[in-house]
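Working notes, structure below.
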Amino acid sequence: MLSVILIWFYIGITTFIVGYGVLRVITRHLPYCTHYVSNADAYFICGLVCVTVYAQFFSLFAGVGLWANVVLCVTCALTVLVDRKAFMAALRRMVFSRLALCAVGILFLLFSYGASRGIIHYDTGLYHAQSIRWIEEYGVVRGLGNLHCRLAYNSSAFALSALYSMAFLGGQSYHCAAGWLAFLLAAVCLRIGKSLRAGRLRASDFARVMCVYYLVNIFDEMISPASDYFMVLLAFYIVIKWLELLEKREEEILPYALLCVLGVFLMTVKLSAALILLLTIYPACRLLREKRGKETGVYLGLGILTALPFFIRNVVISGWLVYPFTQLDLFDVVWKIPKGLADYDAREIQVWGRGYTDVAQFDMPVREWLPGWFRALAGSDKVFVLAAVLAVFALFAVTVYLMWRRCTCKQRQAATGWGSGSLHEREEALNSVTFPALLVVQTTVAGSFLFWLCTSPLIRYGCVWVYLTAAVVFGGIYESAMYSAGGDGRQAADFGGQDKRRGAGAKNGSLENGRGWRLAAARIVSAFVVLLLAYKGFALTREIAGSYVNDYWLVQKDYENYEMCSYEIEGVTFYYPVEGDRAGYDAFPSSPAKAEITFLGEGLSGGFRAAQ
């Protein structure tokens with residue numbers, strides 16, 4: 001646990017400084033009020049993305065170890081020295097209450113405890129640990145996927161884990177990055193307490209509830225550097241922050257665009273999250289409509305820079321731009337993984353997600369495999385999947401209704417001249433921002449859910465879309481029903497909620513405006529949320545107490561290792577497991593079975609190609 005805490009301090013300091021420096025440059029060239037980036041989590045998440053992109057670029061030239069960290073530390077020191085007055089001012093803007101600091105401190109200790117011990121994910125022994133070790137020692141190696149096809153599953157999360165593994169110190173390779181990200185999301189979810197005290201739950205709060213539910217589920221698993229955890233946690237963060245912007249009536253494009261850049265990064269963590277890029281529709285349409293060419297170029301540049309090392313690594317490792325999807329066959333390199341093997345791998349992923357192990361069943365129609373898949377789900381997962389399906393239909397119905405209402409309101413305004421007052425004009429201006437932005441995020445999570453359901457619906461792959469679809473859609477409807485203006489037929493044509501206003505119409509958006517059922521319903525929903533959070537907290541406490549062992553207080557639990565056999569190829573020793581297909585970290589290099597490869601050069605750094 002102590003090792004996790006020390007590494008987390010290092011991760012926190014470096015990512016905060018890097019995030020501050022990058023956001024400082026961006027907001028200097030694209031003027032923006034700094035109230036959004038004064039949130040500490042914005043600096044941490046931005047820094048986490050930047051150091052991951054940096055680690056991927058570094059891996060193109062060398063192993064990500066000591067020198068990668070030296071360059072990172074020097075960069076952080078220079079950033080603080082060059083801009084120390086503004087840096088200190090940014091720190092002073094972050095004022096937290098004693099209660100908030102105590103809550104964050106408790107979460108820090110709790111999650112560092114969880115990240116120091118627990119269950120090592122099966123796939124970590126299969127290929128996560130080996131992928132990280134290759135990055136630590138060699139960076140990127142041509143044709144590495146020919147040794148083991150899963151080593152071609154190039155997740156940017158592995159580069160982040162390698163950067164902060166501290167393997168160069170000569171001890172073990174630590175795996176703390178997933179736990180750090182889980183802690184950050186837990187801190188972001190603390191805001192739900194303020195909403196519960198105010199008795200006013202918003203759509204973002206329902207997303208936070210589902211994030212807490214997920215954090216409790218993975219508490220004993222976040223020790224593993226699995227790309228699934230990074231993807232799910234970052235997806236939660238993007239959606240929660242997008243909804244927060246809507247609740248603050250944010251009209252500037254910059255924060256939405258930066259969340260879209262984070263969406264590009266999410267795609268590099270796990271390619272199955274690529275539909276998150278639907279979020280770019282909203283800022284792209286506004287930028288094009290307002291003819292802001294310079295900003296458009298900046299955001300496009302940031303997105304390209306974020307994704308570039310991921311695609312380069314894909315080509316170097318596998319020979320394919322996006323492995324294992326062979327539809328984009330752009331490169332003719334000698335180390336390319338054979339097309340037949342890549343296609344088989346892609347089909348195996350989808351079939352496995354549907355609950356089958358026979359790849360020959362890949363073409364089975366949805367109506368045949370879906371009932372059996374659903375029956376095999378856990379009880380709670382069945383409930384969430386059904387809720388997500390209902391949310392998709394509800395989203396479609398509500399969207400059609402709101403569009404119809406907006407059209408009829410415009411026609412009535414044109415016929416009667418109603419709505420020329422300044423209050424109505426301000427209302428319409430706010431709705432032109434809120435309604436499209438909310439619809440885009442709801443459509444994104446619903447579309448991602450449907451894509452996951454129809455391709456490879458393993459809960460571990462897409463639980464975030466299952467949870468968020470119901471939370472965001474029904475949360476938006478709930479918010480509209482509780483807090484929208486009412487009574488006079490002039491309520492806003494969005495379901496994102498309304499703020500209280502002064503003067504005429506000052507009661508618009510309050511629970512007291514209208515019948516008592518609103519207040520009663522809000523209290524019932526709040527009580528249900530409190531009970532759910534209390535239940536999950538009790539479950540977590542019972543789990544920790546039941547599995548408590550007085551160990552790992554100093555050093556984090558190491559990767560699991562297995563009994564191995566060895567063989568040689570051109571004088572180099574390779575390993576494969578005596579039983580099963582997992583190799584762990586220590587036996588290096590290894591694969592689930594004897595590899596049929598030839599060297600491209602001298603030694604491991606030269607790369608591999610499939611044996612003829």
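Residue names in the structure tokens use chain letters A, B, ... in the order shown, residue numbers from 1 in each chain, and ligand numbers from 1 in the order shown.
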Write out as a list in words which residues come within 7 Å of range 233-247 of chain A when counting only C-alpha atoms, dropping same-chain ones fewer than 3 positions away.
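So the residues in contact are Ala182, Leu185, Ala203, Ser204, Ala207, Arg208, Cys211, Tyr229, Phe230, Glu250, Tyr256, Leu259, Leu266 and Thr434 of chain A.
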Report as a Markdown table: every residue of range 91-153 of chain A with an atom at most 9 Å from range 165-176 of chain A, its closest pair of atoms, and their distance in Å to one decimal, counting only C-alpha atoms, with rows sorted by chain and ascending residue number.
| residue | atom | partner | partner_atom | distance |
| --- | --- | --- | --- | --- |
| A:Ser112 | CA | A:Cys176 | CA | 8.7 |
| A:Ala115 | CA | A:Cys176 | CA | 6.6 |
| A:Ser116 | CA | A:Cys176 | CA | 8.0 |
| A:Ile132 | CA | A:Ser165 | CA | 8.8 |
| A:Arg133 | CA | A:Ser173 | CA | 8.4 |
| A:Glu136 | CA | A:Ala167 | CA | 7.6 |
What separation in Å, quoted to one decimal, exists between CA of Gly303 in chain A and CA of Val261 in chain A?
5.3 Å
What is the distance, in Å and to one decimal place, between CA of Ala274 in chain A and CA of Cys149 in chain A?
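That distance, rounded to one decimal, is 21.1 Å.
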Between A:Ala177, A:Ala520, A:Cys409, A:Leu151, which is the closest to Val4 in chain A once you count only C-alpha atoms?
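Looking at the shortest contact to Val4 in chain A, the residue is A:Ala177.
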Check the DSSP output for the backbone and give back, as a VMD selection string, the residues of range 119-263 of chain A in helix (DSSP H, G or I).
chain A and resid 122 to 138 144 to 146 149 to 152 156 to 163 167 to 169 177 to 198 203 to 217 227 to 247 254 to 263
Could you please determine the separation between CA of Leu110 in chain A and CA of Trp8 in chain A in Å, to one decimal place?
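Those two atoms sit 12.9 Å apart.
Distances from A:Leu287, A:Leu277, A:Leu438, A:Ala415 to Leu254 in chain A were compared using only C-alpha atoms, and the smallest one belongs to A:Leu287.
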Write out as a list in words the residues lying within 6 Å of Ala62 in chain A, counting only C-alpha atoms and excluding same-chain residues fewer than 3 positions away.
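After dropping sequence-adjacent residues, the list is Ser59, Tyr138 and Gly139 of chain A.
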Could those residues be written to a file, using N, CA and C atoms, as a CSV table (one decimal), in the first residue's frame?
chain,number,residue,atom,x,y,z
A,59,SER,N,7.9,5.5,-26.9
A,59,SER,CA,8.1,4.1,-27.1
A,59,SER,C,8.5,3.8,-28.6
A,138,TYR,N,11.6,-2.4,-24.6
A,138,TYR,CA,11.9,-2.2,-26.0
A,138,TYR,C,11.0,-1.1,-26.7
A,139,GLY,N,10.0,-0.6,-26.0
A,139,GLY,CA,9.1,0.4,-26.6
A,139,GLY,C,8.2,-0.3,-27.6
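Using only C-alpha atoms, the contacts of Gly355 in chain A at a cut-off of 10 Å, with sequence neighbours closer than 4 positions omitted, comprise Gln350, Val351, Trp369, Leu370, Gly372, Trp373, Phe374, Ala376, Leu377, Ser456, Pro457 and Leu458 of chain A.
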Shortest contact to Gly179 in chain A, candidates A:Ile218, A:Val141, A:Ile317, A:Leu288, atoms counted only C-alpha atoms, goes to A:Ile218
So, counting only C-alpha atoms, which residue among A:Cys285, A:Val212, A:Ala90, A:Val366 is closest to Ala534 in chain A?
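Distance minimum relative to Ala534 in chain A lands on A:Val212.
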Leaving out Leu305 in chain A and any residue of its chain fewer than 5 positions from it, which residues lie within 10 Å of it when counting only C-alpha atoms, given as a PDB file with N, CA, C and O atoms, in the first residue's frame?
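Saved result, selection.pdb, follows:
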ATOM      1  N   VAL A  53       0.111  10.058 -24.198  1.00  0.00           N
ATOM      2  CA  VAL A  53       0.516  10.329 -25.583  1.00  0.00           C
ATOM      3  C   VAL A  53       2.036  10.448 -25.660  1.00  0.00           C
ATOM      4  O   VAL A  53       2.678   9.918 -26.580  1.00  0.00           O
ATOM      5  N   VAL A 261     -11.766  15.748 -27.692  1.00  0.00           N
ATOM      6  CA  VAL A 261     -10.381  15.286 -27.811  1.00  0.00           C
ATOM      7  C   VAL A 261     -10.131  14.140 -26.834  1.00  0.00           C
ATOM      8  O   VAL A 261      -9.459  13.157 -27.164  1.00  0.00           O
ATOM      9  N   VAL A 264     -11.326  11.098 -28.391  1.00  0.00           N
ATOM     10  CA  VAL A 264     -10.346  10.519 -29.317  1.00  0.00           C
ATOM     11  C   VAL A 264      -9.344   9.672 -28.542  1.00  0.00           C
ATOM     12  O   VAL A 264      -8.987   8.556 -28.955  1.00  0.00           O
ATOM     13  N   PHE A 265      -8.904  10.181 -27.406  1.00  0.00           N
ATOM     14  CA  PHE A 265      -7.983   9.417 -26.567  1.00  0.00           C
ATOM     15  C   PHE A 265      -8.636   8.131 -26.081  1.00  0.00           C
ATOM     16  O   PHE A 265      -7.990   7.072 -26.037  1.00  0.00           O
ATOM     17  N   TYR A 299      -8.454  22.284 -32.860  1.00  0.00           N
ATOM     18  CA  TYR A 299      -9.054  21.077 -32.291  1.00  0.00           C
ATOM     19  C   TYR A 299      -8.745  19.854 -33.140  1.00  0.00           C
ATOM     20  O   TYR A 299      -8.480  18.763 -32.604  1.00  0.00           O
ATOM     21  N   LEU A 300      -8.778  20.016 -34.461  1.00  0.00           N
ATOM     22  CA  LEU A 300      -8.409  18.902 -35.333  1.00  0.00           C
ATOM     23  C   LEU A 300      -6.956  18.489 -35.093  1.00  0.00           C
ATOM     24  O   LEU A 300      -6.633  17.303 -35.043  1.00  0.00           O
ATOM     25  N   PHE A 310      -0.828   6.175 -31.480  1.00  0.00           N
ATOM     26  CA  PHE A 310      -1.589   4.927 -31.403  1.00  0.00           C
ATOM     27  C   PHE A 310      -1.606   4.223 -32.756  1.00  0.00           C
ATOM     28  O   PHE A 310      -1.343   3.014 -32.848  1.00  0.00           O
TER      29      PHE A 310
END
Per residue of range 279-351 of chain A within 12 Å of range 356-365 of chain A, which atom pair is closest and at what distance in Å (one decimal), using only C-alpha atoms, listed by chain and increasing number, as JSON lines?
{"residue": "A:Asp343", "atom": "CA", "partner": "A:Val359", "partner_atom": "CA", "distance": 10.6}
{"residue": "A:Tyr344", "atom": "CA", "partner": "A:Val359", "partner_atom": "CA", "distance": 7.6}
{"residue": "A:Asp345", "atom": "CA", "partner": "A:Val359", "partner_atom": "CA", "distance": 9.1}
{"residue": "A:Ala346", "atom": "CA", "partner": "A:Val359", "partner_atom": "CA", "distance": 9.7}
{"residue": "A:Arg347", "atom": "CA", "partner": "A:Phe362", "partner_atom": "CA", "distance": 6.3}
{"residue": "A:Glu348", "atom": "CA", "partner": "A:Val359", "partner_atom": "CA", "distance": 5.5}
{"residue": "A:Ile349", "atom": "CA", "partner": "A:Val359", "partner_atom": "CA", "distance": 9.0}
{"residue": "A:Gln350", "atom": "CA", "partner": "A:Phe362", "partner_atom": "CA", "distance": 7.4}
{"residue": "A:Val351", "atom": "CA", "partner": "A:Tyr356", "partner_atom": "CA", "distance": 5.4}
Can you pull out every residue within 8 Å of Ser591 in chain A, counting only C-alpha atoms, but drop anything in the same chain fewer than 5 positions away, and send it as an mmCIF file with N, CA, C and O atoms, in the first residue's frame?
data_model
loop_
_atom_site.group_PDB
_atom_site.id
_atom_site.type_symbol
_atom_site.label_atom_id
_atom_site.label_comp_id
_atom_site.auth_asym_id
_atom_site.auth_seq_id
_atom_site.Cartn_x
_atom_site.Cartn_y
_atom_site.Cartn_z
ATOM 1 N N LEU A 147 4.283 -12.898 -32.569
ATOM 2 C CA LEU A 147 4.647 -13.741 -31.439
ATOM 3 C C LEU A 147 3.388 -14.212 -30.706
ATOM 4 O O LEU A 147 3.277 -15.373 -30.310
ATOM 5 N N HIS A 148 2.444 -13.309 -30.525
ATOM 6 C CA HIS A 148 1.172 -13.599 -29.866
ATOM 7 C C HIS A 148 0.207 -12.531 -30.352
ATOM 8 O O HIS A 148 0.432 -11.335 -30.132
ATOM 9 N N TYR A 575 9.325 -18.627 -23.976
ATOM 10 C CA TYR A 575 8.621 -19.424 -22.980
ATOM 11 C C TYR A 575 7.148 -19.604 -23.364
ATOM 12 O O TYR A 575 6.563 -18.759 -24.054
ATOM 13 N N TYR A 576 6.560 -20.702 -22.891
ATOM 14 C CA TYR A 576 5.118 -20.899 -22.993
ATOM 15 C C TYR A 576 4.678 -21.708 -21.776
ATOM 16 O O TYR A 576 5.465 -22.461 -21.191
ATOM 17 N N PRO A 577 3.436 -21.560 -21.335
ATOM 18 C CA PRO A 577 2.992 -22.189 -20.080
ATOM 19 C C PRO A 577 2.848 -23.701 -20.198
ATOM 20 O O PRO A 577 2.484 -24.234 -21.252
ATOM 21 N N ASP A 581 -2.978 -20.960 -20.789
ATOM 22 C CA ASP A 581 -2.419 -20.033 -21.782
ATOM 23 C C ASP A 581 -1.859 -18.760 -21.166
ATOM 24 O O ASP A 581 -1.505 -17.831 -21.883
ATOM 25 N N ARG A 582 -1.757 -18.701 -19.821
ATOM 26 C CA ARG A 582 -1.248 -17.488 -19.178
ATOM 27 C C ARG A 582 0.232 -17.619 -18.834
ATOM 28 O O ARG A 582 0.677 -18.675 -18.376
ATOM 29 N N ALA A 583 0.957 -16.520 -19.044
ATOM 30 C CA ALA A 583 2.399 -16.524 -18.797
ATOM 31 C C ALA A 583 2.811 -15.596 -17.670
ATOM 32 O O ALA A 583 3.846 -15.806 -17.041
#
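When only C-alpha atoms are used to measure the gap to Gly319 in chain A, the shortest distance among A:Phe384, A:Phe608, A:Phe528, A:Phe435 belongs to A:Phe608.
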